[in-house]
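Below is work-v1.cif, holding mmCIF, N, CA and C atoms.
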```
data_final
loop_
_atom_site.label_atom_id
_atom_site.label_comp_id
_atom_site.auth_asym_id
_atom_site.auth_seq_id
_atom_site.Cartn_x
_atom_site.Cartn_y
_atom_site.Cartn_z
N MET A 227 20.30 7.64 -17.02
CA MET A 227 18.93 7.43 -16.59
C MET A 227 18.91 7.09 -15.10
N VAL A 228 17.95 7.65 -14.41
CA VAL A 228 17.76 7.40 -12.99
C VAL A 228 16.45 6.64 -12.83
N SER A 229 16.49 5.58 -12.04
CA SER A 229 15.30 4.79 -11.79
C SER A 229 14.89 4.98 -10.33
N LEU A 230 13.65 5.43 -10.12
CA LEU A 230 13.15 5.66 -8.77
C LEU A 230 12.19 4.55 -8.36
N LEU A 231 12.40 4.03 -7.16
CA LEU A 231 11.50 3.04 -6.58
C LEU A 231 11.01 3.59 -5.25
N PHE A 232 9.72 3.81 -5.15
CA PHE A 232 9.12 4.29 -3.91
C PHE A 232 8.57 3.09 -3.15
N SER A 233 9.04 2.90 -1.94
CA SER A 233 8.63 1.77 -1.11
C SER A 233 7.76 2.31 0.03
N PHE A 234 6.57 1.76 0.17
CA PHE A 234 5.60 2.25 1.14
C PHE A 234 5.51 1.30 2.33
N HIS A 235 5.40 1.88 3.52
CA HIS A 235 5.29 1.08 4.74
C HIS A 235 4.34 1.78 5.70
N GLN A 236 3.64 1.03 6.49
CA GLN A 236 2.78 1.54 7.55
C GLN A 236 2.91 0.58 8.72
N PRO A 237 3.16 1.10 9.91
CA PRO A 237 3.20 0.19 11.06
C PRO A 237 1.79 -0.27 11.43
N ILE A 238 1.69 -1.47 11.92
CA ILE A 238 0.44 -1.97 12.48
C ILE A 238 0.50 -1.66 13.97
N ILE A 239 -0.44 -0.89 14.45
CA ILE A 239 -0.38 -0.41 15.84
C ILE A 239 -1.13 -1.37 16.76
N LEU A 240 -0.42 -1.87 17.72
CA LEU A 240 -1.00 -2.79 18.71
C LEU A 240 -1.47 -2.02 19.93
N ARG A 241 -2.51 -2.50 20.56
CA ARG A 241 -2.99 -1.87 21.79
C ARG A 241 -2.21 -2.47 22.97
N ASN A 242 -2.34 -1.84 24.11
CA ASN A 242 -1.74 -2.42 25.32
C ASN A 242 -2.50 -3.70 25.66
N TYR A 243 -1.79 -4.78 25.67
CA TYR A 243 -2.41 -6.09 25.89
C TYR A 243 -1.83 -6.66 27.17
N HIS A 244 -2.67 -6.76 28.17
CA HIS A 244 -2.21 -7.21 29.48
C HIS A 244 -2.09 -8.73 29.54
N PHE A 245 -1.15 -9.19 30.31
CA PHE A 245 -0.89 -10.62 30.48
C PHE A 245 -2.15 -11.39 30.88
N LEU A 246 -2.98 -10.79 31.71
CA LEU A 246 -4.18 -11.47 32.20
C LEU A 246 -5.26 -11.63 31.12
N GLU A 247 -5.10 -10.95 29.99
CA GLU A 247 -6.07 -11.05 28.90
C GLU A 247 -5.81 -12.25 27.99
N ILE A 248 -4.67 -12.90 28.18
CA ILE A 248 -4.33 -14.05 27.33
C ILE A 248 -5.41 -15.12 27.49
N GLY A 249 -5.94 -15.57 26.37
CA GLY A 249 -6.99 -16.57 26.37
C GLY A 249 -8.39 -16.01 26.55
N LYS A 250 -8.50 -14.72 26.91
CA LYS A 250 -9.81 -14.11 27.12
C LYS A 250 -10.16 -13.12 26.02
N SER A 251 -9.16 -12.51 25.43
CA SER A 251 -9.41 -11.50 24.41
C SER A 251 -8.43 -11.68 23.26
N SER A 252 -8.93 -11.55 22.05
CA SER A 252 -8.04 -11.62 20.89
C SER A 252 -8.04 -10.29 20.14
N HIS A 253 -8.41 -9.23 20.84
CA HIS A 253 -8.41 -7.89 20.25
C HIS A 253 -7.02 -7.27 20.48
N TYR A 254 -6.13 -7.45 19.49
CA TYR A 254 -4.74 -7.06 19.66
C TYR A 254 -4.42 -5.66 19.11
N PHE A 255 -5.25 -5.16 18.21
CA PHE A 255 -4.89 -3.95 17.47
C PHE A 255 -5.64 -2.73 17.99
N ASP A 256 -4.98 -1.58 17.92
CA ASP A 256 -5.58 -0.32 18.33
C ASP A 256 -6.10 0.37 17.08
N GLU A 257 -7.36 0.11 16.76
CA GLU A 257 -7.97 0.62 15.53
C GLU A 257 -8.02 2.15 15.52
N GLU A 258 -8.31 2.75 16.66
CA GLU A 258 -8.42 4.21 16.73
C GLU A 258 -7.07 4.88 16.43
N LYS A 259 -6.02 4.41 17.07
CA LYS A 259 -4.69 4.98 16.81
C LYS A 259 -4.23 4.67 15.40
N GLN A 260 -4.59 3.48 14.89
CA GLN A 260 -4.21 3.10 13.53
C GLN A 260 -4.83 4.07 12.52
N GLU A 261 -6.13 4.34 12.69
CA GLU A 261 -6.81 5.26 11.79
C GLU A 261 -6.19 6.65 11.86
N GLU A 262 -5.94 7.12 13.06
CA GLU A 262 -5.34 8.44 13.24
C GLU A 262 -3.97 8.52 12.56
N PHE A 263 -3.16 7.49 12.73
CA PHE A 263 -1.82 7.48 12.15
C PHE A 263 -1.86 7.43 10.63
N VAL A 264 -2.72 6.57 10.08
CA VAL A 264 -2.81 6.43 8.62
C VAL A 264 -3.28 7.75 8.01
N LYS A 265 -4.28 8.38 8.62
CA LYS A 265 -4.77 9.67 8.10
C LYS A 265 -3.70 10.76 8.20
N LEU A 266 -2.96 10.78 9.29
CA LEU A 266 -1.89 11.76 9.45
C LEU A 266 -0.82 11.58 8.37
N GLN A 267 -0.39 10.33 8.17
CA GLN A 267 0.62 10.03 7.15
C GLN A 267 0.11 10.39 5.76
N SER A 268 -1.15 10.11 5.52
CA SER A 268 -1.76 10.40 4.23
C SER A 268 -1.71 11.89 3.93
N GLU A 269 -2.14 12.70 4.89
CA GLU A 269 -2.20 14.15 4.69
C GLU A 269 -0.82 14.80 4.63
N SER A 270 0.11 14.32 5.44
CA SER A 270 1.41 14.99 5.52
C SER A 270 2.44 14.45 4.54
N CYS A 271 2.24 13.25 4.04
CA CYS A 271 3.27 12.63 3.21
C CYS A 271 2.75 12.13 1.87
N TYR A 272 1.82 11.20 1.90
CA TYR A 272 1.44 10.50 0.67
C TYR A 272 0.69 11.39 -0.32
N LYS A 273 -0.30 12.16 0.15
CA LYS A 273 -1.04 13.01 -0.77
C LYS A 273 -0.14 14.05 -1.44
N PRO A 274 0.68 14.77 -0.66
CA PRO A 274 1.59 15.73 -1.33
C PRO A 274 2.55 15.04 -2.29
N GLY A 275 3.01 13.87 -1.93
CA GLY A 275 3.92 13.12 -2.80
C GLY A 275 3.24 12.68 -4.08
N PHE A 276 2.01 12.18 -3.96
CA PHE A 276 1.25 11.76 -5.14
C PHE A 276 0.96 12.95 -6.05
N LEU A 277 0.64 14.10 -5.46
CA LEU A 277 0.38 15.29 -6.27
C LEU A 277 1.64 15.72 -7.02
N LEU A 278 2.78 15.62 -6.35
CA LEU A 278 4.05 15.96 -7.00
C LEU A 278 4.32 15.00 -8.16
N LEU A 279 4.10 13.72 -7.95
CA LEU A 279 4.30 12.75 -9.03
C LEU A 279 3.36 13.00 -10.20
N GLN A 280 2.09 13.32 -9.91
CA GLN A 280 1.14 13.64 -10.98
C GLN A 280 1.63 14.85 -11.78
N ASP A 281 2.13 15.85 -11.07
CA ASP A 281 2.64 17.05 -11.73
C ASP A 281 3.85 16.72 -12.61
N LEU A 282 4.77 15.91 -12.09
CA LEU A 282 5.95 15.52 -12.87
C LEU A 282 5.56 14.74 -14.13
N ILE A 283 4.58 13.87 -13.99
CA ILE A 283 4.12 13.08 -15.14
C ILE A 283 3.50 14.00 -16.19
N GLN A 284 2.68 14.94 -15.74
CA GLN A 284 2.03 15.86 -16.69
C GLN A 284 3.05 16.77 -17.37
N LYS A 285 3.97 17.34 -16.58
CA LYS A 285 4.96 18.27 -17.15
C LYS A 285 5.90 17.57 -18.12
N SER A 286 6.19 16.29 -17.86
CA SER A 286 7.11 15.56 -18.75
C SER A 286 6.36 14.88 -19.89
N GLN A 287 5.06 15.07 -19.94
CA GLN A 287 4.20 14.44 -20.95
C GLN A 287 4.37 12.91 -20.95
N GLY A 288 4.46 12.35 -19.75
CA GLY A 288 4.55 10.90 -19.60
C GLY A 288 5.95 10.34 -19.66
N ALA A 289 6.96 11.21 -19.80
CA ALA A 289 8.34 10.71 -19.88
C ALA A 289 8.88 10.32 -18.50
N PHE A 290 8.33 10.95 -17.44
CA PHE A 290 8.76 10.61 -16.09
C PHE A 290 8.14 9.28 -15.71
N ARG A 291 8.96 8.39 -15.18
CA ARG A 291 8.49 7.06 -14.78
C ARG A 291 9.13 6.68 -13.44
N CYS A 292 8.41 5.87 -12.69
CA CYS A 292 8.95 5.35 -11.44
C CYS A 292 8.22 4.06 -11.09
N SER A 293 8.64 3.44 -10.00
CA SER A 293 8.04 2.18 -9.55
C SER A 293 7.55 2.34 -8.11
N PHE A 294 6.50 1.61 -7.80
CA PHE A 294 5.96 1.56 -6.44
C PHE A 294 6.10 0.15 -5.90
N ALA A 295 6.63 0.02 -4.71
CA ALA A 295 6.63 -1.24 -3.97
C ALA A 295 5.64 -1.03 -2.83
N LEU A 296 4.47 -1.61 -2.99
CA LEU A 296 3.36 -1.33 -2.09
C LEU A 296 2.79 -2.64 -1.56
N PRO A 297 3.08 -2.97 -0.29
CA PRO A 297 2.55 -4.21 0.27
C PRO A 297 1.03 -4.20 0.32
N GLY A 298 0.41 -5.37 0.25
CA GLY A 298 -1.04 -5.49 0.26
C GLY A 298 -1.68 -4.94 1.51
N TYR A 299 -1.03 -5.10 2.67
CA TYR A 299 -1.64 -4.63 3.91
C TYR A 299 -1.74 -3.11 3.93
N VAL A 300 -0.81 -2.41 3.25
CA VAL A 300 -0.88 -0.95 3.18
C VAL A 300 -2.09 -0.54 2.35
N ILE A 301 -2.32 -1.24 1.25
CA ILE A 301 -3.51 -0.98 0.43
C ILE A 301 -4.77 -1.19 1.27
N ASP A 302 -4.79 -2.26 2.06
CA ASP A 302 -5.94 -2.53 2.92
C ASP A 302 -6.19 -1.37 3.89
N LEU A 303 -5.12 -0.87 4.51
CA LEU A 303 -5.25 0.25 5.45
C LEU A 303 -5.76 1.50 4.74
N TRP A 304 -5.21 1.78 3.56
CA TRP A 304 -5.65 2.96 2.81
C TRP A 304 -7.10 2.82 2.37
N GLU A 305 -7.49 1.62 1.93
CA GLU A 305 -8.89 1.41 1.53
C GLU A 305 -9.83 1.63 2.71
N LYS A 306 -9.41 1.23 3.88
CA LYS A 306 -10.25 1.33 5.07
C LYS A 306 -10.33 2.76 5.61
N TYR A 307 -9.20 3.47 5.64
CA TYR A 307 -9.15 4.76 6.32
C TYR A 307 -9.02 5.98 5.41
N THR A 308 -8.49 5.84 4.22
CA THR A 308 -8.28 7.01 3.34
C THR A 308 -8.63 6.66 1.90
N PRO A 309 -9.91 6.48 1.61
CA PRO A 309 -10.31 6.11 0.25
C PRO A 309 -9.92 7.16 -0.80
N ASP A 310 -9.82 8.43 -0.40
CA ASP A 310 -9.40 9.45 -1.35
C ASP A 310 -7.96 9.24 -1.81
N LEU A 311 -7.13 8.70 -0.93
CA LEU A 311 -5.75 8.38 -1.30
C LEU A 311 -5.73 7.22 -2.31
N ILE A 312 -6.64 6.27 -2.15
CA ILE A 312 -6.75 5.16 -3.09
C ILE A 312 -7.10 5.68 -4.48
N LYS A 313 -8.00 6.66 -4.56
CA LYS A 313 -8.35 7.23 -5.86
C LYS A 313 -7.13 7.89 -6.49
N MET A 314 -6.34 8.61 -5.71
CA MET A 314 -5.13 9.24 -6.24
C MET A 314 -4.16 8.17 -6.75
N LEU A 315 -4.03 7.09 -6.00
CA LEU A 315 -3.14 6.01 -6.39
C LEU A 315 -3.62 5.38 -7.70
N LYS A 316 -4.90 5.15 -7.82
CA LYS A 316 -5.45 4.57 -9.06
C LYS A 316 -5.21 5.50 -10.25
N ASP A 317 -5.36 6.80 -10.03
CA ASP A 317 -5.09 7.76 -11.11
C ASP A 317 -3.63 7.70 -11.54
N LEU A 318 -2.73 7.60 -10.57
CA LEU A 318 -1.30 7.48 -10.90
C LEU A 318 -1.03 6.19 -11.68
N LEU A 319 -1.59 5.09 -11.22
CA LEU A 319 -1.37 3.81 -11.89
C LEU A 319 -1.95 3.84 -13.30
N ASN A 320 -3.07 4.52 -13.46
CA ASN A 320 -3.71 4.61 -14.77
C ASN A 320 -2.89 5.45 -15.76
N SER A 321 -2.00 6.29 -15.26
CA SER A 321 -1.20 7.14 -16.14
C SER A 321 -0.27 6.30 -17.03
N GLY A 322 0.00 5.07 -16.61
CA GLY A 322 0.92 4.22 -17.36
C GLY A 322 2.38 4.53 -17.09
N CYS A 323 2.62 5.46 -16.18
CA CYS A 323 4.00 5.88 -15.88
C CYS A 323 4.50 5.28 -14.57
N ILE A 324 3.66 4.53 -13.89
CA ILE A 324 4.02 3.92 -12.61
C ILE A 324 4.02 2.41 -12.78
N GLU A 325 5.12 1.78 -12.44
CA GLU A 325 5.20 0.33 -12.45
C GLU A 325 4.97 -0.17 -11.04
N TRP A 326 4.10 -1.16 -10.91
CA TRP A 326 3.75 -1.71 -9.60
C TRP A 326 4.55 -2.98 -9.39
N GLN A 327 5.48 -2.96 -8.43
CA GLN A 327 6.34 -4.10 -8.13
C GLN A 327 5.59 -5.13 -7.29
N LEU A 328 5.72 -6.38 -7.67
CA LEU A 328 5.12 -7.45 -6.87
C LEU A 328 6.04 -7.73 -5.69
N GLN A 329 5.46 -7.79 -4.52
CA GLN A 329 6.21 -8.13 -3.31
C GLN A 329 5.28 -8.87 -2.38
N THR A 330 5.73 -9.17 -1.20
CA THR A 330 4.91 -9.91 -0.25
C THR A 330 3.75 -9.05 0.23
N TYR A 331 2.71 -9.70 0.74
CA TYR A 331 1.53 -9.00 1.22
C TYR A 331 1.84 -8.18 2.47
N TYR A 332 2.65 -8.74 3.33
CA TYR A 332 3.12 -8.04 4.53
C TYR A 332 4.61 -7.78 4.36
N ASP A 333 5.13 -6.83 5.13
CA ASP A 333 6.57 -6.58 5.09
C ASP A 333 7.27 -7.70 5.84
N VAL A 334 7.86 -8.62 5.12
CA VAL A 334 8.62 -9.70 5.73
C VAL A 334 9.97 -9.79 5.05
N GLN A 335 10.90 -10.33 5.76
CA GLN A 335 12.20 -10.60 5.15
C GLN A 335 12.14 -12.02 4.61
N GLU A 336 12.29 -12.11 3.29
CA GLU A 336 12.07 -13.38 2.61
C GLU A 336 12.94 -14.51 3.14
N ASP A 337 14.12 -14.17 3.62
CA ASP A 337 15.01 -15.23 4.10
C ASP A 337 14.63 -15.73 5.49
N ARG A 338 13.63 -15.12 6.11
CA ARG A 338 13.25 -15.50 7.47
C ARG A 338 11.88 -16.16 7.55
N VAL A 339 11.27 -16.42 6.42
CA VAL A 339 9.98 -17.12 6.41
C VAL A 339 10.11 -18.36 5.53
N SER A 340 9.22 -19.30 5.76
CA SER A 340 9.27 -20.53 4.96
C SER A 340 8.90 -20.23 3.51
N LYS A 341 9.30 -21.13 2.63
CA LYS A 341 8.96 -20.97 1.21
C LYS A 341 7.44 -21.01 1.02
N LYS A 342 6.77 -21.82 1.81
CA LYS A 342 5.31 -21.91 1.73
C LYS A 342 4.66 -20.58 2.11
N GLU A 343 5.13 -19.97 3.20
CA GLU A 343 4.58 -18.68 3.63
C GLU A 343 4.88 -17.59 2.61
N LEU A 344 6.08 -17.60 2.07
CA LEU A 344 6.45 -16.62 1.05
C LEU A 344 5.55 -16.76 -0.17
N LYS A 345 5.32 -17.99 -0.60
CA LYS A 345 4.46 -18.24 -1.76
C LYS A 345 3.03 -17.78 -1.47
N THR A 346 2.53 -18.04 -0.26
CA THR A 346 1.19 -17.62 0.12
C THR A 346 1.06 -16.10 0.08
N GLN A 347 2.06 -15.39 0.60
CA GLN A 347 2.00 -13.93 0.61
C GLN A 347 2.09 -13.35 -0.79
N LEU A 348 2.95 -13.92 -1.61
CA LEU A 348 3.07 -13.44 -2.99
C LEU A 348 1.78 -13.67 -3.75
N GLU A 349 1.15 -14.80 -3.52
CA GLU A 349 -0.12 -15.09 -4.19
C GLU A 349 -1.21 -14.13 -3.70
N SER A 350 -1.24 -13.83 -2.40
CA SER A 350 -2.21 -12.87 -1.87
C SER A 350 -2.02 -11.50 -2.52
N LYS A 351 -0.77 -11.09 -2.65
CA LYS A 351 -0.49 -9.79 -3.28
C LYS A 351 -0.85 -9.83 -4.75
N ARG A 352 -0.58 -10.93 -5.43
CA ARG A 352 -0.92 -11.05 -6.84
C ARG A 352 -2.44 -10.92 -7.04
N ARG A 353 -3.21 -11.57 -6.14
CA ARG A 353 -4.67 -11.46 -6.23
C ARG A 353 -5.12 -10.02 -6.01
N LYS A 354 -4.51 -9.33 -5.06
CA LYS A 354 -4.84 -7.93 -4.80
C LYS A 354 -4.54 -7.09 -6.03
N CYS A 355 -3.38 -7.30 -6.63
CA CYS A 355 -3.02 -6.57 -7.85
C CYS A 355 -4.02 -6.88 -8.96
N TRP A 356 -4.39 -8.14 -9.12
CA TRP A 356 -5.31 -8.52 -10.18
C TRP A 356 -6.67 -7.87 -9.96
N ASP A 357 -7.14 -7.83 -8.70
CA ASP A 357 -8.40 -7.16 -8.40
C ASP A 357 -8.34 -5.70 -8.84
N TRP A 358 -7.21 -5.08 -8.62
CA TRP A 358 -7.06 -3.67 -9.00
C TRP A 358 -7.01 -3.52 -10.51
N VAL A 359 -6.36 -4.44 -11.20
CA VAL A 359 -6.31 -4.36 -12.66
C VAL A 359 -7.72 -4.43 -13.23
N ILE A 360 -8.52 -5.34 -12.71
CA ILE A 360 -9.91 -5.47 -13.14
C ILE A 360 -10.67 -4.18 -12.83
N LEU A 361 -10.48 -3.66 -11.62
CA LEU A 361 -11.15 -2.43 -11.21
C LEU A 361 -10.75 -1.26 -12.09
N LEU A 362 -9.45 -1.13 -12.37
CA LEU A 362 -8.98 -0.03 -13.22
C LEU A 362 -9.57 -0.17 -14.63
N ALA A 363 -9.64 -1.38 -15.12
CA ALA A 363 -10.20 -1.58 -16.46
C ALA A 363 -11.67 -1.17 -16.49
N LYS A 364 -12.41 -1.47 -15.42
CA LYS A 364 -13.82 -1.10 -15.37
C LYS A 364 -14.00 0.41 -15.26
N ILE A 365 -13.13 1.07 -14.52
CA ILE A 365 -13.25 2.51 -14.29
C ILE A 365 -12.85 3.30 -15.53
N TYR A 366 -11.76 2.92 -16.16
CA TYR A 366 -11.17 3.76 -17.18
C TYR A 366 -11.43 3.31 -18.62
N CYS A 367 -12.08 2.18 -18.82
CA CYS A 367 -12.32 1.72 -20.20
C CYS A 367 -13.76 1.95 -20.61
#
```
Starting from the coordinates I provided, produce the structure as structure tokens.
Amino acid sequence: MVSLLFSFHQPIILRNYHFLEIGKSSHYFDEEKQEEFVKLQSESCYKPGFLLLQDLIQKSQGAFRCSFALPGYVIDLWEKYTPDLIKMLKDLLNSGCIEWQLQTYYDVQEDRVSKKELKTQLESKRRKCWDWVILLAKIYC
């Protein structure tokens, strides 16, 4: 038996922040480039991959299984910029063939953050997962 774990990551794109802006501006992120990058990744990678997984699940009549490690911030980016990808993800999760791994909300190395921060991130991700479970139950039941 082979066990597949798909781990998803998206960089957070920062804008050019000049030294003289310190204390005057707290706009650190480049929303325009972030949206462009997320949409590009969605079209070139995630959507084709999700379609392939859906096909494998259908052809195997549910025998194909895998796991997703999906940080909460990636879900936030997808919800904001590519809602159609979120629908595909929900369809995959609803198949019952995808296991959703609990991990931190942001990509952090657990040994480099405090136990309090780790607990906070895990709880944030757990809440996000629970919100989705409720949403999936409302959509598909």
Nearby residues (all atoms listed in the file) at most 5 Å from range 252-268 of chain A, same-chain spacing under 5 positions excluded, as a ChimeraX atom specification: /A:239-241,273
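CA of Gln236 in chain A to CA of Asp281 in chain A spans 24.7 Å [interatomic distance, one decimal].
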Please return the centre and edge lengths, in Å to one decimal, of a box with edges along x, y and z that contains all listed atoms of range 258-273 of chain A, widened by 8 Å on every side, as JSON.
```
{"center_x": -2.6, "center_y": 8.9, "center_z": 7.8, "size_x": 27.7, "size_y": 28.2, "size_z": 34.5}
```
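Each of A:Leu246, A:Val300, A:Cys292, A:Cys323 was checked against Phe232 in chain A using only N, CA and C atoms; the smallest atom-to-atom distance is that of A:Cys292.
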Å distance separating atom C of Leu296 in chain A from CA of Ile312 in chain A, one decimal place: 12.4 Å
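Of the residues in range 234-362 of chain A, those that DSSP places in strand (DSSP E) on the basis of the backbone are Cys292, Ser293, Phe294, Ala295, Ile324, Glu325, Trp326 and Gln327 of chain A.
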Expected file: the selected residues, N, CA and C atoms, as a compact mmCIF listing (two decimals), in the coordinates of the input:
```
# COMPACT_ATOMS: atom_id res chain seq x y z
N CYS A 292 8.41 5.87 -12.69
CA CYS A 292 8.95 5.35 -11.44
C CYS A 292 8.22 4.06 -11.09
N SER A 293 8.64 3.44 -10.00
CA SER A 293 8.04 2.18 -9.55
C SER A 293 7.55 2.34 -8.11
N PHE A 294 6.50 1.61 -7.80
CA PHE A 294 5.96 1.56 -6.44
C PHE A 294 6.10 0.15 -5.90
N ALA A 295 6.63 0.02 -4.71
CA ALA A 295 6.63 -1.24 -3.97
C ALA A 295 5.64 -1.03 -2.83
N ILE A 324 3.66 4.53 -13.89
CA ILE A 324 4.02 3.92 -12.61
C ILE A 324 4.02 2.41 -12.78
N GLU A 325 5.12 1.78 -12.44
CA GLU A 325 5.20 0.33 -12.45
C GLU A 325 4.97 -0.17 -11.04
N TRP A 326 4.10 -1.16 -10.91
CA TRP A 326 3.75 -1.71 -9.60
C TRP A 326 4.55 -2.98 -9.39
N GLN A 327 5.48 -2.96 -8.43
CA GLN A 327 6.34 -4.10 -8.13
C GLN A 327 5.59 -5.13 -7.29
```
Within 12 Å of Glu325 in chain A using only C-alpha atoms, minus same-chain residues under 4 positions, as a ChimeraX atom specification: /A:229-233,290-296,315-316,318-321,355
Generate the output file for the selected residues, N, CA and C atoms, as a compact mmCIF listing (two decimals), in the coordinates of the input.
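This is the output file out_38.txt:
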```txt
# COMPACT_ATOMS: atom_id res chain seq x y z
N SER A 229 16.49 5.58 -12.04
CA SER A 229 15.30 4.79 -11.79
C SER A 229 14.89 4.98 -10.33
N LEU A 230 13.65 5.43 -10.12
CA LEU A 230 13.15 5.66 -8.77
C LEU A 230 12.19 4.55 -8.36
N LEU A 231 12.40 4.03 -7.16
CA LEU A 231 11.50 3.04 -6.58
C LEU A 231 11.01 3.59 -5.25
N PHE A 232 9.72 3.81 -5.15
CA PHE A 232 9.12 4.29 -3.91
C PHE A 232 8.57 3.09 -3.15
N SER A 233 9.04 2.90 -1.94
CA SER A 233 8.63 1.77 -1.11
C SER A 233 7.76 2.31 0.03
N PHE A 290 8.33 10.95 -17.44
CA PHE A 290 8.76 10.61 -16.09
C PHE A 290 8.14 9.28 -15.71
N ARG A 291 8.96 8.39 -15.18
CA ARG A 291 8.49 7.06 -14.78
C ARG A 291 9.13 6.68 -13.44
N CYS A 292 8.41 5.87 -12.69
CA CYS A 292 8.95 5.35 -11.44
C CYS A 292 8.22 4.06 -11.09
N SER A 293 8.64 3.44 -10.00
CA SER A 293 8.04 2.18 -9.55
C SER A 293 7.55 2.34 -8.11
N PHE A 294 6.50 1.61 -7.80
CA PHE A 294 5.96 1.56 -6.44
C PHE A 294 6.10 0.15 -5.90
N ALA A 295 6.63 0.02 -4.71
CA ALA A 295 6.63 -1.24 -3.97
C ALA A 295 5.64 -1.03 -2.83
N LEU A 296 4.47 -1.61 -2.99
CA LEU A 296 3.36 -1.33 -2.09
C LEU A 296 2.79 -2.64 -1.56
N LEU A 315 -4.03 7.09 -6.00
CA LEU A 315 -3.14 6.01 -6.39
C LEU A 315 -3.62 5.38 -7.70
N LYS A 316 -4.90 5.15 -7.82
CA LYS A 316 -5.45 4.57 -9.06
C LYS A 316 -5.21 5.50 -10.25
N LEU A 318 -2.73 7.60 -10.57
CA LEU A 318 -1.30 7.48 -10.90
C LEU A 318 -1.03 6.19 -11.68
N LEU A 319 -1.59 5.09 -11.22
CA LEU A 319 -1.37 3.81 -11.89
C LEU A 319 -1.95 3.84 -13.30
N ASN A 320 -3.07 4.52 -13.46
CA ASN A 320 -3.71 4.61 -14.77
C ASN A 320 -2.89 5.45 -15.76
N SER A 321 -2.00 6.29 -15.26
CA SER A 321 -1.20 7.14 -16.14
C SER A 321 -0.27 6.30 -17.03
N CYS A 355 -3.38 -7.30 -6.63
CA CYS A 355 -3.02 -6.57 -7.85
C CYS A 355 -4.02 -6.88 -8.96
```
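The closest residue to Glu269 in chain A, picked from A:Gly298, A:Ser251, A:Asp310, A:Ser350 and counting only C-alpha atoms, is A:Asp310.
The gap separating CA of Trp326 in chain A from CA of Lys341 in chain A is 22.7 Å, in Å to one decimal.
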DSSP alpha helix (DSSP H) residues within range 241-308 of chain A, listed as a PyMOL selection string: chain A and resi 257-267+273-285+298-307
